[in-house]
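Asker: Next up, query-v4.pdb (PDB, C-alpha atoms).
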ATOM      1  CA  MET A   1       0.000   0.000   0.000
ATOM      2  CA  PRO A   2       1.293   3.515  -0.802
ATOM      3  CA  GLN A   3       2.393   5.575   2.174
ATOM      4  CA  HIS A   4       2.064   9.222   1.145
ATOM      5  CA  LEU A   5      -0.016  11.779  -0.731
ATOM      6  CA  LEU A   6       1.990  14.647  -2.224
ATOM      7  CA  ILE A   7       0.352  17.878  -3.368
ATOM      8  CA  GLU A   8       2.429  20.422  -5.267
ATOM      9  CA  LEU A   9       1.187  24.017  -4.969
ATOM     10  CA  GLY A  10       1.971  27.084  -7.065
ATOM     11  CA  HIS A  11       2.274  27.299 -10.841
ATOM     12  CA  ASN A  12       5.930  26.308 -10.501
ATOM     13  CA  SER A  13       5.257  23.562  -7.936
ATOM     14  CA  ASP A  14       7.572  25.339  -5.499
ATOM     15  CA  LEU A  15       5.719  24.115  -2.401
ATOM     16  CA  THR A  16       5.011  20.418  -1.790
ATOM     17  CA  LEU A  17       2.695  19.312   0.995
ATOM     18  CA  ARG A  18       3.385  15.769   2.181
ATOM     19  CA  PHE A  19       0.635  13.750   3.868
ATOM     20  CA  ARG A  20       0.856  10.355   5.586
ATOM     21  CA  LEU A  21      -1.906   8.070   4.364
ATOM     22  CA  LEU A  22      -4.125   6.630   7.086
ATOM     23  CA  ASP A  23      -4.630   2.901   7.439
ATOM     24  CA  ASN A  24      -8.390   2.404   7.193
ATOM     25  CA  PRO A  25     -10.833   0.790   4.728
ATOM     26  CA  ILE A  26     -12.088   4.123   3.362
ATOM     27  CA  THR A  27      -8.557   5.212   2.466
ATOM     28  CA  GLU A  28      -8.115   1.925   0.598
ATOM     29  CA  LEU A  29     -11.325   2.523  -1.382
ATOM     30  CA  TRP A  30     -10.240   6.084  -2.160
ATOM     31  CA  LEU A  31      -6.788   4.947  -3.322
ATOM     32  CA  GLU A  32      -8.418   2.634  -5.838
ATOM     33  CA  ARG A  33     -10.305   5.612  -7.279
ATOM     34  CA  MET A  34      -7.143   7.731  -7.239
ATOM     35  CA  GLY A  35      -5.488   5.049  -9.358
ATOM     36  CA  GLN A  36      -8.113   5.659 -12.076
ATOM     37  CA  ARG A  37      -8.101   9.476 -12.051
ATOM     38  CA  ASP A  38      -5.579  10.086 -14.849
ATOM     39  CA  GLN A  39      -8.307   9.711 -17.483
ATOM     40  CA  TRP A  40      -9.740  13.035 -16.290
ATOM     41  CA  TYR A  41      -8.211  16.441 -15.615
ATOM     42  CA  LEU A  42      -8.006  18.242 -12.288
ATOM     43  CA  ASP A  43     -11.043  20.493 -12.217
ATOM     44  CA  HIS A  44     -10.637  24.086 -10.985
ATOM     45  CA  PRO A  45      -7.181  23.735  -9.398
ATOM     46  CA  ASP A  46      -7.712  27.130  -7.739
ATOM     47  CA  ARG A  47     -10.495  26.018  -5.381
ATOM     48  CA  PHE A  48      -8.916  27.569  -2.291
ATOM     49  CA  TYR A  49     -11.085  29.093   0.408
ATOM     50  CA  GLY A  50     -10.303  31.555   3.184
ATOM     51  CA  PHE A  51      -6.718  32.356   2.240
ATOM     52  CA  GLY A  52      -7.380  35.852   0.890
ATOM     53  CA  THR A  53      -8.516  38.975   2.715
ATOM     54  CA  PRO A  54     -12.298  39.332   3.242
ATOM     55  CA  ALA A  55     -12.397  41.949   0.475
ATOM     56  CA  GLU A  56     -10.465  39.723  -1.940
ATOM     57  CA  GLU A  57     -12.602  36.678  -1.199
ATOM     58  CA  THR A  58     -15.838  38.667  -1.598
ATOM     59  CA  ALA A  59     -14.799  40.252  -4.908
ATOM     60  CA  ARG A  60     -13.723  36.859  -6.252
ATOM     61  CA  ALA A  61     -17.008  35.206  -5.266
ATOM     62  CA  ILE A  62     -19.259  37.955  -6.632
ATOM     63  CA  ALA A  63     -17.379  38.093  -9.950
ATOM     64  CA  LEU A  64     -17.716  34.329 -10.405
ATOM     65  CA  ILE A  65     -21.418  34.066  -9.589
ATOM     66  CA  GLU A  66     -22.396  37.105 -11.672
ATOM     67  CA  GLN A  67     -20.441  35.742 -14.626
ATOM     68  CA  CYS A  68     -22.275  32.416 -14.319
ATOM     69  CA  ILE A  69     -25.678  34.117 -14.108
ATOM     70  CA  ASP A  70     -24.994  36.330 -17.143
ATOM     71  CA  THR A  71     -23.806  33.391 -19.264
ATOM     72  CA  ILE A  72     -26.777  31.216 -18.336
ATOM     73  CA  ASN A  73     -29.394  33.923 -18.810
ATOM     74  CA  SER A  74     -27.916  35.011 -22.142
ATOM     75  CA  TYR A  75     -28.857  31.554 -23.426
ATOM     76  CA  GLU A  76     -32.175  31.167 -21.623
ATOM     77  CA  TYR A  77     -33.606  33.449 -18.961
ATOM     78  CA  ILE A  78     -34.035  30.943 -16.128
ATOM     79  CA  ILE A  79     -32.509  32.869 -13.206
ATOM     80  CA  ARG A  80     -35.282  35.365 -12.528
ATOM     81  CA  ARG A  81     -33.982  36.731  -9.276
ATOM     82  CA  LYS A  82     -31.419  39.494  -8.987
ATOM     83  CA  PHE A  83     -28.357  38.302  -7.118
ATOM     84  CA  THR A  84     -28.059  39.521  -3.550
ATOM     85  CA  PHE A  85     -25.358  38.415  -1.139
ATOM     86  CA  ASP A  86     -27.565  36.584   1.359
ATOM     87  CA  GLN A  87     -28.278  32.941   2.175
ATOM     88  CA  ASN A  88     -31.849  32.924   0.872
ATOM     89  CA  CYS A  89     -30.694  34.064  -2.557
ATOM     90  CA  LEU A  90     -27.883  31.500  -2.520
ATOM     91  CA  ASN A  91     -30.411  28.770  -1.683
ATOM     92  CA  TYR A  92     -32.408  29.884  -4.717
ATOM     93  CA  MET A  93     -29.308  29.780  -6.947
ATOM     94  CA  HIS A  94     -28.405  26.310  -5.717
ATOM     95  CA  ASN A  95     -31.933  25.148  -6.454
ATOM     96  CA  ILE A  96     -31.573  26.456 -10.024
ATOM     97  CA  PHE A  97     -28.376  24.434 -10.363
ATOM     98  CA  GLU A  98     -30.086  21.273  -9.116
ATOM     99  CA  GLN A  99     -33.102  21.702 -11.420
ATOM    100  CA  TYR A 100     -31.280  22.472 -14.653
ATOM    101  CA  HIS A 101     -28.053  20.542 -14.197
ATOM    102  CA  GLY A 102     -29.623  17.231 -13.212
ATOM    103  CA  LEU A 103     -28.640  14.653 -10.627
ATOM    104  CA  LEU A 104     -25.260  13.035 -10.129
ATOM    105  CA  ASP A 105     -24.016  11.708 -13.488
ATOM    106  CA  GLN A 106     -27.572  12.072 -14.818
ATOM    107  CA  GLN A 107     -27.611  15.285 -16.826
ATOM    108  CA  ASN A 108     -30.940  14.484 -18.479
ATOM    109  CA  THR A 109     -32.643  17.876 -18.416
ATOM    110  CA  ARG A 110     -33.822  19.576 -21.597
ATOM    111  CA  PHE A 111     -31.826  22.660 -20.692
ATOM    112  CA  TRP A 112     -28.566  20.756 -20.237
ATOM    113  CA  HIS A 113     -28.802  18.843 -23.512
ATOM    114  CA  GLY A 114     -29.778  21.922 -25.507
ATOM    115  CA  ALA A 115     -27.237  24.309 -24.013
ATOM    116  CA  PRO A 116     -23.854  24.956 -25.665
ATOM    117  CA  VAL A 117     -20.733  23.929 -23.752
ATOM    118  CA  PRO A 118     -19.976  27.403 -22.300
ATOM    119  CA  VAL A 119     -23.478  27.520 -20.800
ATOM    120  CA  GLN A 120     -23.155  23.978 -19.416
ATOM    121  CA  GLU A 121     -19.873  25.012 -17.812
ATOM    122  CA  ALA A 122     -21.466  28.152 -16.364
ATOM    123  CA  LEU A 123     -24.270  26.066 -14.862
ATOM    124  CA  ALA A 124     -21.767  23.631 -13.334
ATOM    125  CA  ASN A 125     -19.706  26.564 -12.035
ATOM    126  CA  LEU A 126     -22.826  28.119 -10.497
ATOM    127  CA  ASN A 127     -22.648  25.403  -7.849
ATOM    128  CA  LEU A 128     -19.031  26.296  -7.053
ATOM    129  CA  ALA A 129     -19.868  29.996  -7.034
ATOM    130  CA  VAL A 130     -22.708  29.478  -4.560
ATOM    131  CA  HIS A 131     -20.439  27.530  -2.211
ATOM    132  CA  ARG A 132     -17.733  30.182  -2.473
ATOM    133  CA  CYS A 133     -20.277  32.853  -1.484
ATOM    134  CA  GLU A 134     -21.580  30.670   1.344
ATOM    135  CA  GLY A 135     -18.034  30.276   2.575
ATOM    136  CA  ILE A 136     -17.705  34.030   2.926
ATOM    137  CA  LEU A 137     -21.025  34.373   4.749
ATOM    138  CA  GLY A 138     -19.909  31.661   7.129
ATOM    139  CA  ALA A 139     -16.341  32.973   7.480
ATOM    140  CA  SER A 140     -14.990  30.004   5.533
ATOM    141  CA  PRO A 141     -12.009  28.336   7.208
ATOM    142  CA  TYR A 142      -8.755  27.647   5.385
ATOM    143  CA  ARG A 143      -9.128  24.730   2.987
ATOM    144  CA  PHE A 144      -8.799  23.650  -0.633
ATOM    145  CA  VAL A 145     -10.598  21.080  -2.768
ATOM    146  CA  CYS A 146      -9.393  18.760  -5.537
ATOM    147  CA  THR A 147     -11.884  17.210  -7.968
ATOM    148  CA  TRP A 148     -11.476  15.505 -11.339
ATOM    149  CA  TYR A 149     -13.877  16.782 -13.999
ATOM    150  CA  GLY A 150     -16.132  14.114 -15.489
ATOM    151  CA  MET A 151     -14.870  11.253 -13.356
ATOM    152  CA  PRO A 152     -17.934   9.030 -12.798
ATOM    153  CA  LYS A 153     -19.363   8.959  -9.302
ATOM    154  CA  THR A 154     -20.518   5.354  -9.383
ATOM    155  CA  HIS A 155     -18.931   3.941  -6.221
ATOM    156  CA  GLN A 156     -20.885   4.080  -2.979
ATOM    157  CA  LEU A 157     -19.731   4.236   0.627
ATOM    158  CA  SER A 158     -21.782   1.919   2.828
ATOM    159  CA  THR A 159     -23.488   3.312   5.906
ATOM    160  CA  THR A 160     -21.642   0.677   7.929
ATOM    161  CA  LEU A 161     -18.261   2.082   6.918
ATOM    162  CA  GLN A 162     -19.532   5.600   7.441
ATOM    163  CA  ARG A 163     -20.609   4.812  10.979
ATOM    164  CA  GLN A 164     -17.408   2.908  11.813
ATOM    165  CA  HIS A 165     -14.867   5.313  10.342
ATOM    166  CA  GLY A 166     -16.593   8.690  10.148
ATOM    167  CA  THR A 167     -15.704  11.436  12.578
ATOM    168  CA  MET A 168     -17.313  14.707  13.623
ATOM    169  CA  ARG A 169     -13.964  16.357  14.323
ATOM    170  CA  ILE A 170     -12.081  18.299  11.655
ATOM    171  CA  LYS A 171      -8.331  18.472  12.310
ATOM    172  CA  PHE A 172      -5.729  20.848  10.905
ATOM    173  CA  GLY A 173      -3.781  19.393   7.980
ATOM    174  CA  THR A 174      -6.106  16.437   7.403
ATOM    175  CA  VAL A 175      -7.276  15.230   3.991
ATOM    176  CA  TYR A 176     -10.934  14.184   3.830
ATOM    177  CA  LEU A 177     -13.033  12.341   1.261
ATOM    178  CA  ASN A 178     -15.046  14.947  -0.624
ATOM    179  CA  TYR A 179     -18.843  15.051  -0.799
ATOM    180  CA  ALA A 180     -19.666  14.037  -4.379
ATOM    181  CA  GLU A 181     -23.445  14.402  -4.565
ATOM    182  CA  ILE A 182     -25.548  17.070  -6.271
ATOM    183  CA  GLY A 183     -27.694  18.373  -3.462
ATOM    184  CA  LYS A 184     -27.258  19.069   0.239
ATOM    185  CA  THR A 185     -26.777  17.038   3.392
ATOM    186  CA  VAL A 186     -28.862  17.582   6.522
ATOM    187  CA  GLU A 187     -25.918  19.591   7.836
ATOM    188  CA  ASP A 188     -26.019  21.915   4.801
ATOM    189  CA  LEU A 189     -29.804  22.235   4.739
ATOM    190  CA  ALA A 190     -29.916  23.147   8.427
ATOM    191  CA  HIS A 191     -27.011  25.575   8.204
ATOM    192  CA  ASP A 192     -28.612  27.345   5.236
ATOM    193  CA  ASN A 193     -32.145  27.055   6.644
ATOM    194  CA  ASP A 194     -32.979  25.935   3.132
ATOM    195  CA  GLN A 195     -36.696  26.126   2.341
ATOM    196  CA  TYR A 196     -36.244  24.734  -1.189
ATOM    197  CA  ILE A 197     -36.046  21.268   0.350
ATOM    198  CA  GLY A 198     -37.185  18.383  -1.834
ATOM    199  CA  ASP A 199     -36.243  14.877  -2.929
ATOM    200  CA  ASP A 200     -33.614  16.251  -5.304
ATOM    201  CA  ALA A 201     -32.309  18.814  -2.827
ATOM    202  CA  PHE A 202     -31.532  16.378  -0.014
ATOM    203  CA  ARG A 203     -28.629  14.067  -0.774
ATOM    204  CA  PRO A 204     -26.838  12.337   2.108
ATOM    205  CA  PHE A 205     -23.216  11.295   1.659
ATOM    206  CA  ASP A 206     -23.387   8.219  -0.567
ATOM    207  CA  HIS A 207     -21.148   8.236  -3.648
ATOM    208  CA  TYR A 208     -17.437   8.930  -3.604
ATOM    209  CA  SER A 209     -14.641   9.403  -6.101
ATOM    210  CA  ALA A 210     -10.979  10.450  -6.100
ATOM    211  CA  ASP A 211     -12.167  13.908  -4.984
ATOM    212  CA  PHE A 212     -10.866  15.184  -1.661
ATOM    213  CA  ASN A 213     -10.502  18.335   0.415
ATOM    214  CA  VAL A 214      -7.765  19.475   2.770
ATOM    215  CA  ALA A 215      -8.625  21.296   6.002
ATOM    216  CA  PHE A 216      -6.304  23.779   7.704
ATOM    217  CA  TYR A 217      -8.426  24.394  10.777
ATOM    218  CA  ASN A 218      -9.863  22.547  13.772
ATOM    219  CA  ARG A 219     -13.593  22.171  14.403
ATOM    220  CA  ASP A 220     -15.917  20.008  16.463
ATOM    221  CA  LEU A 221     -19.010  19.352  14.349
ATOM    222  CA  GLU A 222     -21.016  17.940  17.247
ATOM    223  CA  ILE A 223     -21.838  21.541  18.118
ATOM    224  CA  LYS A 224     -24.071  21.562  15.025
ATOM    225  CA  LEU A 225     -26.313  18.721  16.212
ATOM    226  CA  PRO A 226     -28.883  20.829  18.163
ATOM    227  CA  SER A 227     -29.640  23.124  15.202
ATOM    228  CA  MET A 228     -29.695  20.146  12.833
ATOM    229  CA  ALA A 229     -32.133  18.351  15.146
ATOM    230  CA  LYS A 230     -34.462  21.371  15.076
ATOM    231  CA  TYR A 231     -34.367  21.419  11.277
ATOM    232  CA  VAL A 232     -35.135  17.693  11.068
ATOM    233  CA  GLN A 233     -38.025  18.172  13.483
ATOM    234  CA  ALA A 234     -39.377  21.133  11.485
ATOM    235  CA  HIS A 235     -39.398  18.942   8.353
ATOM    236  CA  GLN A 236     -40.314  15.736  10.154
ATOM    237  CA  ASP A 237     -42.615  14.276   7.505
ATOM    238  CA  PHE A 238     -40.042  14.779   4.762
ATOM    239  CA  PHE A 239     -37.193  13.150   6.684
ATOM    240  CA  LEU A 240     -39.353  10.282   7.952
ATOM    241  CA  ALA A 241     -40.128   9.498   4.318
ATOM    242  CA  GLN A 242     -36.354   9.314   3.810
ATOM    243  CA  GLY A 243     -36.022   6.848   6.688
ATOM    244  CA  ILE A 244     -34.496   9.418   9.041
ATOM    245  CA  GLU A 245     -36.182   9.625  12.434
ATOM    246  CA  ASN A 246     -33.636  11.904  14.082
ATOM    247  CA  VAL A 247     -30.266  13.574  13.606
ATOM    248  CA  TYR A 248     -28.400  10.545  14.989
ATOM    249  CA  ASN A 249     -29.227   8.485  11.911
ATOM    250  CA  THR A 250     -25.928   7.822  10.091
ATOM    251  CA  ARG A 251     -27.308   9.436   6.929
ATOM    252  CA  ALA A 252     -27.999  12.629   8.867
ATOM    253  CA  LEU A 253     -24.850  12.997  10.978
ATOM    254  CA  PRO A 254     -22.200  15.568   9.910
ATOM    255  CA  LEU A 255     -19.518  12.934   9.374
ATOM    256  CA  ARG A 256     -16.117  13.415   7.762
ATOM    257  CA  PHE A 257     -13.907  10.620   6.435
ATOM    258  CA  PRO A 258     -10.170  11.191   7.001
ATOM    259  CA  LEU A 259      -7.683   9.845   4.449
ATOM    260  CA  ALA A 260      -4.291  11.360   5.299
ATOM    261  CA  GLU A 261      -2.557  13.686   7.760
ATOM    262  CA  LEU A 262      -0.040  16.436   7.023
ATOM    263  CA  GLU A 263       3.588  15.929   7.970
ATOM    264  CA  GLU A 264       4.203  19.366   9.435
ATOM    265  CA  THR A 265       7.652  20.885   8.891
ATOM    266  CA  VAL A 266       7.057  24.586   9.627
ATOM    267  CA  SER A 267       4.823  26.535  11.993
ATOM    268  CA  ARG A 268       1.153  26.606  11.062
ATOM    269  CA  SER A 269       1.105  30.383  10.665
ATOM    270  CA  THR A 270       4.056  30.178   8.259
ATOM    271  CA  LEU A 271       2.420  27.367   6.319
ATOM    272  CA  LEU A 272      -0.827  29.317   5.881
ATOM    273  CA  LYS A 273       1.110  32.305   4.527
ATOM    274  CA  GLU A 274       3.004  30.084   2.104
ATOM    275  CA  ILE A 275      -0.217  28.477   0.818
ATOM    276  CA  ALA A 276      -1.902  31.897   0.485
ATOM    277  CA  GLN A 277       0.861  32.865  -1.963
ATOM    278  CA  ARG A 278       0.354  29.697  -4.034
ATOM    279  CA  GLN A 279      -3.394  29.144  -4.404
ATOM    280  CA  HIS A 280      -3.096  26.667  -7.253
ATOM    281  CA  VAL A 281      -2.791  22.871  -7.215
ATOM    282  CA  ASN A 282      -0.234  21.930  -9.851
ATOM    283  CA  ARG A 283       0.154  18.212  -9.256
ATOM    284  CA  VAL A 284      -1.188  15.413  -7.053
ATOM    285  CA  THR A 285       0.742  12.163  -6.632
ATOM    286  CA  ILE A 286       0.635   9.012  -4.507
ATOM    287  CA  GLU A 287       3.806   7.216  -3.476
TER
END
Can you present the structure in this file as structure tokens?

Answerer:
Amino acid sequence: MPQHLLIELGHNSDLTLRFRLLDNPITELWLERMGQRDQWYLDHPDRFYGFGTPAEETARAIALIEQCIDTINSYEYIIRRKFTFDQNCLNYMHNIFEQYHGLLDQQNTRFWHGAPVPVQEALANLNLAVHRCEGILGASPYRFVCTWYGMPKTHQLSTTLQRQHGTMRIKFGTVYLNYAEIGKTVEDLAHDNDQYIGDDAFRPFDHYSADFNVAFYNRDLEIKLPSMAKYVQAHQDFFLAQGIENVYNTRALPLRFPLAELEETVSRSTLLKEIAQRQHVNRVTIE
């Protein structure tokens, strides 16, 4: 079994982060997917969050979402709400993405099949833009995300493995399996107080791919359980129909699935400054 994940940052790959792979069944499943990733390209290698100043992060997010809206509406006027930087508007935008993009690996909507490639890309990027805006509203912690564009999300993570190896603690310098669904978890729905809830909007963690994210902060997610429980109770009939009686159901818990841990060689404050200067993933390797 390989021992390390290496991530080269900066356009010249002048900073390499070295992570020790964890010995658990989920890491083994993820490594199998990583071994297949070369057929697809690294999607949006600049998906870094929280490393800029508040003004920089806000300007970047607004520019991206307004560009997506303009491109989509120039083809067909489907976004009928003026963009405002608030959670209700972002919920609306995410709902547009879900409706017109289609479910995971099932882009079967009339809009998607009729739209030219630049419009399809803008619709896909609308999801990223919404999450970037949400990150600013929620004071997004330091992290970056690696995904491979077009890689099929056909493999599923059993609830048994999720319960056995999931954690509700996020640790600095840890690599986690990335959420690969189109929709929102109970955690997301409750945090956003999303009223556009529906069968297509709610998607618990199920599928996985080579995609991962790297956290540079510490957080105890158990603190979210009371607000999540209130949301589940407020939408009791909906969640009961999904087989979820309460927030302690595995499919409702805010679980994370750790894959690797950073081998730290400099102080954390120095590391964050170095990453902030190199917000681009140039290469990802396993050795």

Asker: So, with only C-alpha atoms as the atoms that count, which of A:Gln233, A:Val284, A:Thr154, A:Arg37 lies closest to A:Phe19?

Answerer: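 Smallest separation from A:Phe19 among the options: A:Val284.
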
Asker: Using only C-alpha atoms, which protein or nucleic acid residues come within 8 Å of stretch 202-208 of chain A? Drop anything in the same chain fewer than 2 positions from it, and give the result as a PDB file with C-alpha atoms, in the coordinates of the input.

Answerer:
ATOM      1  CA  TRP A  30     -10.240   6.084  -2.160  1.00  0.00           C
ATOM      2  CA  LYS A 153     -19.363   8.959  -9.302  1.00  0.00           C
ATOM      3  CA  THR A 154     -20.518   5.354  -9.383  1.00  0.00           C
ATOM      4  CA  HIS A 155     -18.931   3.941  -6.221  1.00  0.00           C
ATOM      5  CA  GLN A 156     -20.885   4.080  -2.979  1.00  0.00           C
ATOM      6  CA  LEU A 157     -19.731   4.236   0.627  1.00  0.00           C
ATOM      7  CA  SER A 158     -21.782   1.919   2.828  1.00  0.00           C
ATOM      8  CA  LEU A 177     -13.033  12.341   1.261  1.00  0.00           C
ATOM      9  CA  ASN A 178     -15.046  14.947  -0.624  1.00  0.00           C
ATOM     10  CA  TYR A 179     -18.843  15.051  -0.799  1.00  0.00           C
ATOM     11  CA  ALA A 180     -19.666  14.037  -4.379  1.00  0.00           C
ATOM     12  CA  GLU A 181     -23.445  14.402  -4.565  1.00  0.00           C
ATOM     13  CA  ILE A 182     -25.548  17.070  -6.271  1.00  0.00           C
ATOM     14  CA  GLY A 183     -27.694  18.373  -3.462  1.00  0.00           C
ATOM     15  CA  LYS A 184     -27.258  19.069   0.239  1.00  0.00           C
ATOM     16  CA  THR A 185     -26.777  17.038   3.392  1.00  0.00           C
ATOM     17  CA  VAL A 186     -28.862  17.582   6.522  1.00  0.00           C
ATOM     18  CA  LEU A 189     -29.804  22.235   4.739  1.00  0.00           C
ATOM     19  CA  ILE A 197     -36.046  21.268   0.350  1.00  0.00           C
ATOM     20  CA  GLY A 198     -37.185  18.383  -1.834  1.00  0.00           C
ATOM     21  CA  ASP A 199     -36.243  14.877  -2.929  1.00  0.00           C
ATOM     22  CA  ASP A 200     -33.614  16.251  -5.304  1.00  0.00           C
ATOM     23  CA  ALA A 210     -10.979  10.450  -6.100  1.00  0.00           C
ATOM     24  CA  ASP A 211     -12.167  13.908  -4.984  1.00  0.00           C
ATOM     25  CA  ARG A 251     -27.308   9.436   6.929  1.00  0.00           C
ATOM     26  CA  ALA A 252     -27.999  12.629   8.867  1.00  0.00           C
TER      27      ALA A 252
END

Asker: Using only C-alpha atoms, which protein or nucleic acid residues come within 9 Å of A:Ala115? Drop anything in the same chain fewer than 3 positions from it, and give the result as number ranges by chain.

Answerer: A: 72, 75-76, 110-112, 118-120

Asker: Store the residues picked out above in a file with C-alpha atoms, as a PDB file, keeping the file's coordinate frame.

Answerer:
ATOM      1  CA  ILE A  72     -26.777  31.216 -18.336  1.00  0.00           C
ATOM      2  CA  TYR A  75     -28.857  31.554 -23.426  1.00  0.00           C
ATOM      3  CA  GLU A  76     -32.175  31.167 -21.623  1.00  0.00           C
ATOM      4  CA  ARG A 110     -33.822  19.576 -21.597  1.00  0.00           C
ATOM      5  CA  PHE A 111     -31.826  22.660 -20.692  1.00  0.00           C
ATOM      6  CA  TRP A 112     -28.566  20.756 -20.237  1.00  0.00           C
ATOM      7  CA  PRO A 118     -19.976  27.403 -22.300  1.00  0.00           C
ATOM      8  CA  VAL A 119     -23.478  27.520 -20.800  1.00  0.00           C
ATOM      9  CA  GLN A 120     -23.155  23.978 -19.416  1.00  0.00           C
TER      10      GLN A 120
END

Asker: To one decimal place in Å, what is the distance between atom CA of A:Glu261 and atom CA of A:Ala215?

Answerer: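 Atom CA of A:Glu261 sits 9.9 Å away from atom CA of A:Ala215.
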
Asker: Using all atoms listed in the file, pick whichever of A:Leu221, A:Leu64, A:Ala276, A:Ile79 has the shortest atom-to-atom distance to A:Leu128.

Answerer: A:Leu64

Asker: Between atom CA of A:Cys146 and atom CA of A:Gly166, measure the distance and give it in Å to one decimal.

Answerer: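 If I compute the distance from atom CA of A:Cys146 to atom CA of A:Gly166, I get 20.0 Å.
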
Asker: For A:Val281, which of A:Asp46, A:Asp23, A:Asp237, A:Asp14 is the closest residue, counting all atoms listed in the file?

Answerer: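 Of A:Asp46, A:Asp23, A:Asp237, A:Asp14, the one nearest A:Val281, counting all atoms listed in the file, is A:Asp46.
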
Asker: Under the PyMOL selection byres ((chain A and resi 222) around 8), which residues of this model are included? Write them out as a PDB file with C-alpha atoms, keeping the file's coordinate frame.

Answerer:
ATOM      1  CA  MET A 168     -17.313  14.707  13.623  1.00  0.00           C
ATOM      2  CA  ARG A 169     -13.964  16.357  14.323  1.00  0.00           C
ATOM      3  CA  ASP A 220     -15.917  20.008  16.463  1.00  0.00           C
ATOM      4  CA  LEU A 221     -19.010  19.352  14.349  1.00  0.00           C
ATOM      5  CA  ILE A 223     -21.838  21.541  18.118  1.00  0.00           C
ATOM      6  CA  LYS A 224     -24.071  21.562  15.025  1.00  0.00           C
ATOM      7  CA  LEU A 225     -26.313  18.721  16.212  1.00  0.00           C
ATOM      8  CA  PRO A 254     -22.200  15.568   9.910  1.00  0.00           C
TER       9      PRO A 254
END

Asker: Which residue gives the smallest distance to A:Ala61 among A:Asn125, A:Ser74, A:Ser267, A:Gln39, with only C-alpha atoms counted?

Answerer: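 Going through A:Asn125, A:Ser74, A:Ser267, A:Gln39 one by one, the smallest distance to A:Ala61 is for A:Asn125.
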
Asker: Report, in Å with one decimal, the straight-line distance from atom CA of A:Tyr149 to atom CA of A:Leu123.

Answerer: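 Atom CA of A:Leu123 lies at a distance of 14.0 Å from atom CA of A:Tyr149.
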